[in-house]
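Asks: Enclosed is the structure file entry.csv (CSV, C-alpha atoms).
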```
chain,number,residue,atom,x,y,z
X,1,MET,CA,178.8,54.3,-155.0
X,2,PRO,CA,179.1,51.8,-157.8
X,3,SER,CA,182.6,51.7,-159.0
X,4,THR,CA,183.4,52.4,-162.6
X,5,LYS,CA,186.1,49.7,-162.3
X,6,VAL,CA,183.5,47.0,-162.8
X,7,LEU,CA,182.6,48.4,-166.2
X,8,THR,CA,184.6,47.5,-169.3
X,9,PRO,CA,186.3,50.3,-171.3
X,10,LEU,CA,183.7,49.8,-174.0
X,11,GLN,CA,180.9,50.1,-171.4
X,12,LEU,CA,182.5,53.3,-170.0
X,13,ARG,CA,182.6,54.8,-173.5
X,14,PHE,CA,178.9,53.9,-174.0
X,15,VAL,CA,178.1,55.7,-170.7
X,16,ASP,CA,180.2,58.7,-171.8
X,17,HIS,CA,178.4,59.0,-175.2
X,18,TYR,CA,175.0,58.4,-173.6
X,19,MET,CA,175.6,61.2,-171.1
X,20,THR,CA,176.7,63.7,-173.8
X,21,ASN,CA,174.2,62.9,-176.6
X,22,GLY,CA,171.0,63.6,-174.7
X,23,GLY,CA,170.4,60.0,-173.6
X,24,ASN,CA,170.2,58.3,-177.1
X,25,ALA,CA,171.2,54.7,-176.3
X,26,THR,CA,171.2,53.6,-180.0
X,27,GLN,CA,173.6,56.4,-181.0
X,28,ALA,CA,175.8,55.9,-177.9
X,29,TYR,CA,176.0,52.2,-178.8
X,30,ARG,CA,177.4,52.9,-182.2
X,31,ASP,CA,179.6,55.8,-181.1
X,32,ALA,CA,181.1,53.8,-178.3
X,33,GLY,CA,182.4,51.3,-180.8
X,34,TYR,CA,179.9,48.4,-180.6
X,35,THR,CA,179.3,46.8,-183.9
X,36,ALA,CA,175.7,46.5,-185.3
X,37,SER,CA,174.7,45.1,-188.6
X,38,ASN,CA,171.6,47.3,-188.8
X,39,GLU,CA,169.7,50.0,-186.9
X,40,GLN,CA,167.5,47.5,-185.1
X,41,THR,CA,170.6,45.7,-183.7
X,42,ALA,CA,172.0,49.0,-182.5
X,43,ASN,CA,168.7,49.9,-180.9
X,44,THR,CA,168.4,46.6,-179.1
X,45,GLY,CA,172.0,46.6,-178.0
X,46,GLY,CA,171.8,50.2,-176.7
X,47,SER,CA,168.5,49.4,-174.9
X,48,LYS,CA,170.0,46.3,-173.2
X,49,LEU,CA,173.0,48.3,-172.1
X,50,VAL,CA,171.0,51.1,-170.5
X,51,ARG,CA,168.9,48.5,-168.6
X,52,SER,CA,171.8,46.6,-167.2
X,53,ALA,CA,172.3,47.3,-163.5
X,54,LYS,CA,175.9,48.3,-163.7
X,55,ILE,CA,175.5,50.7,-166.5
X,56,SER,CA,172.2,52.2,-165.2
X,57,GLY,CA,173.9,52.6,-161.8
X,58,GLU,CA,176.8,54.5,-163.4
X,59,ILE,CA,174.4,56.7,-165.4
X,60,ALA,CA,172.4,57.5,-162.3
X,61,ARG,CA,175.6,58.2,-160.3
X,62,ARG,CA,176.8,60.6,-163.0
X,63,LYS,CA,173.4,62.3,-163.4
X,64,ALA,CA,173.2,62.8,-159.6
X,65,GLY,CA,176.7,64.3,-159.6
X,66,GLU,CA,175.7,66.7,-162.4
X,67,LEU,CA,172.6,67.8,-160.6
X,68,LYS,CA,174.6,68.4,-157.5
X,69,ARG,CA,177.1,70.5,-159.5
X,70,GLN,CA,174.3,72.5,-161.1
X,71,ALA,CA,172.7,73.2,-157.7
X,72,SER,CA,176.1,74.3,-156.4
X,73,ARG,CA,176.7,76.5,-159.4
X,74,ALA,CA,173.3,78.1,-159.1
X,75,GLU,CA,173.9,78.9,-155.4
X,76,ARG,CA,177.4,80.4,-156.2
X,77,VAL,CA,176.0,82.8,-158.8
X,78,ASN,CA,172.9,83.5,-156.7
X,79,VAL,CA,170.4,82.2,-159.3
X,80,SER,CA,167.0,81.4,-158.0
X,81,GLU,CA,163.7,80.4,-159.5
X,82,ASP,CA,162.3,83.9,-158.7
X,83,TRP,CA,165.3,85.6,-160.5
X,84,LEU,CA,164.9,83.4,-163.6
X,85,VAL,CA,161.1,84.1,-163.8
X,86,THR,CA,161.8,87.8,-163.4
X,87,GLN,CA,164.4,87.7,-166.2
X,88,TYR,CA,161.9,85.8,-168.5
X,89,LEU,CA,159.1,88.3,-167.7
X,90,ASP,CA,161.5,91.2,-168.6
X,91,THR,CA,162.4,89.5,-171.8
X,92,ILE,CA,158.7,88.9,-172.7
X,93,THR,CA,158.0,92.6,-172.1
X,94,GLY,CA,160.9,93.7,-174.4
X,95,ALA,CA,160.1,91.1,-177.0
X,96,LYS,CA,156.4,92.1,-177.2
X,97,GLN,CA,157.4,95.7,-177.8
X,98,ASP,CA,159.7,94.6,-180.6
X,99,GLY,CA,157.2,92.1,-182.1
X,100,GLN,CA,159.4,89.1,-181.4
X,101,TRP,CA,156.6,86.7,-180.9
X,102,SER,CA,158.7,83.5,-181.1
X,103,THR,CA,160.9,84.9,-178.2
X,104,VAL,CA,157.7,85.6,-176.2
X,105,LYS,CA,156.5,82.0,-176.8
X,106,GLY,CA,159.9,80.6,-175.9
X,107,CYS,CA,159.9,82.5,-172.6
X,108,ILE,CA,156.4,81.4,-171.7
X,109,ASP,CA,157.3,77.8,-172.5
X,110,SER,CA,160.4,78.1,-170.3
X,111,ILE,CA,158.4,79.6,-167.4
X,112,GLY,CA,155.9,76.8,-167.8
X,113,LYS,CA,158.6,74.2,-167.6
X,114,LEU,CA,160.4,75.9,-164.7
X,115,THR,CA,157.3,76.1,-162.6
X,116,GLY,CA,156.2,72.6,-163.4
X,117,PHE,CA,153.0,73.6,-165.4
X,118,MET,CA,154.5,72.1,-168.6
X,119,VAL,CA,156.5,68.9,-168.8
X,120,ASP,CA,158.7,68.0,-171.8
X,121,ARG,CA,157.9,64.6,-173.3
X,122,LYS,CA,161.6,63.8,-173.1
X,123,GLU,CA,161.4,64.4,-169.3
X,124,LEU,CA,158.5,62.0,-169.0
X,125,ARG,CA,160.3,59.3,-170.9
X,126,LEU,CA,163.4,59.8,-168.8
X,127,ASP,CA,161.3,59.5,-165.6
X,128,GLY,CA,160.0,56.1,-166.7
X,129,GLN,CA,163.5,55.0,-167.7
X,130,VAL,CA,165.0,56.1,-164.4
X,131,ASP,CA,162.2,54.2,-162.5
X,132,HIS,CA,163.1,51.1,-164.6
X,133,GLN,CA,166.8,51.6,-163.9
X,134,LEU,CA,166.2,51.8,-160.2
X,135,ARG,CA,164.1,48.6,-160.3
X,136,THR,CA,166.9,46.7,-162.0
X,137,MET,CA,169.6,47.8,-159.5
X,138,GLU,CA,170.7,45.5,-156.7
X,139,THR,CA,170.0,46.8,-153.2
X,140,GLY,CA,173.6,47.5,-152.5
X,141,GLU,CA,174.1,49.4,-155.7
X,142,LEU,CA,170.9,51.4,-155.0
X,143,LEU,CA,172.0,52.3,-151.5
X,144,GLU,CA,175.5,53.3,-152.7
X,145,ALA,CA,174.0,55.5,-155.4
X,146,LEU,CA,171.6,57.2,-152.9
X,147,GLN,CA,174.4,57.7,-150.4
X,148,SER,CA,176.6,59.3,-153.1
X,149,VAL,CA,174.0,61.9,-153.9
X,150,ARG,CA,172.8,62.6,-150.4
X,151,THR,CA,172.4,66.3,-149.8
X,152,ASP,CA,170.7,68.4,-147.1
X,153,THR,CA,167.1,69.3,-147.8
X,154,ILE,CA,166.5,72.6,-149.5
X,155,GLU,CA,164.2,74.8,-147.5
X,156,GLY,CA,162.1,77.7,-148.8
X,157,GLU,CA,158.7,79.1,-149.6
X,158,PHE,CA,157.1,78.0,-152.8
X,159,ARG,CA,154.1,79.4,-154.6
X,160,LYS,CA,152.3,79.0,-157.9
X,161,LEU,CA,152.5,81.9,-160.4
X,162,GLY,CA,149.3,83.7,-160.8
X,163,ASP,CA,147.7,82.8,-157.5
X,164,GLY,CA,148.4,86.2,-156.0
X,165,SER,CA,150.4,84.9,-153.0
```
What does the file become when written as structure tokens?
Replies:
Amino acid sequence: MPSTKVLTPLQLRFVDHYMTNGGNATQAYRDAGYTASNEQTANTGGSKLVRSAKISGEIARRKAGELKRQASRAERVNVSEDWLVTQYLDTITGAKQDGQWSTVKGCIDSIGKLTGFMVDRKELRLDGQVDHQLRTMETGELLEALQSVRTDTIEGEFRKLGDGS
């Protein structure tokens, strides 16, 4: 796993802010303490930092750790995709009876995202960014990052909603 010791304190602050602000590199650049004379300089600086092998490796390592923690938490509290969909469907039923149409729409959107029928634009942008980050990582860093997130395969039955199976 890439060591955070190779990052400077300023770079570590950048990664911290990047991880907590939803992946906004420009804002993280400013919040970490880098100086920029204008917005374009901050945008360019943040973009360069995110593309650097060391920083993108640290971001990937932290995101992998967060995904692992989320999966562990979901397992502990017995949350599954079926349970979530059932909760959304119950909420839709109640919201329809009360005329809360924005709640109905929100639940439908959430089910669509959960099942993969709808993809948030932000997720699409992130996938391209991660792909770029992986391409810029050195082989050793990539292998270390993959080893740090290695988990057993999740087994189970999967089906699409609405196909009757």
Asks: Would you mind reading off the distance between CA of Gln40 (chain X) and CA of Val15 (chain X), one decimal, in Å?
Replies: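 CA of Val15 (chain X) lies at a distance of 19.7 Å from CA of Gln40 (chain X).
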Asks: By how many Å are CA of Thr41 (chain X) and CA of Lys54 (chain X) apart?
Replies: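 Rounded to one decimal, the two atoms are 20.9 Å apart.
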Asks: Using only C-alpha atoms for the distances, tell me which of X:Arg30, X:Lys105, X:His17, X:Lys113 is nearest to Ile59 (chain X).
Replies: X:His17
Asks: Report, in Å with one decimal, the straight-line distance from CA of Lys96 (chain X) to CA of Gly112 (chain X).
Replies: 18.0 Å
Asks: When distances are computed from only C-alpha atoms, which of X:Arg62, X:Leu114, X:Val119, X:Gln87 shows the smallest separation from Ala145 (chain X)?
Replies: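 Going through X:Arg62, X:Leu114, X:Val119, X:Gln87 one by one, the smallest distance to Ala145 (chain X) is for X:Arg62.
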Asks: Take the point (159.7, 87.2, -162.4) as written in the file and pick out every residue within 12 Å of it, counting only C-alpha atoms; give the list as a count of residues only.
Replies: 22
Asks: When distances are computed from all atoms listed in the file, which of X:Ala25, X:Met19, X:Ala32, X:Leu67 shows the smallest separation from Thr44 (chain X)?
Replies: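 The answer is X:Ala25, which sits nearest to Thr44 (chain X).
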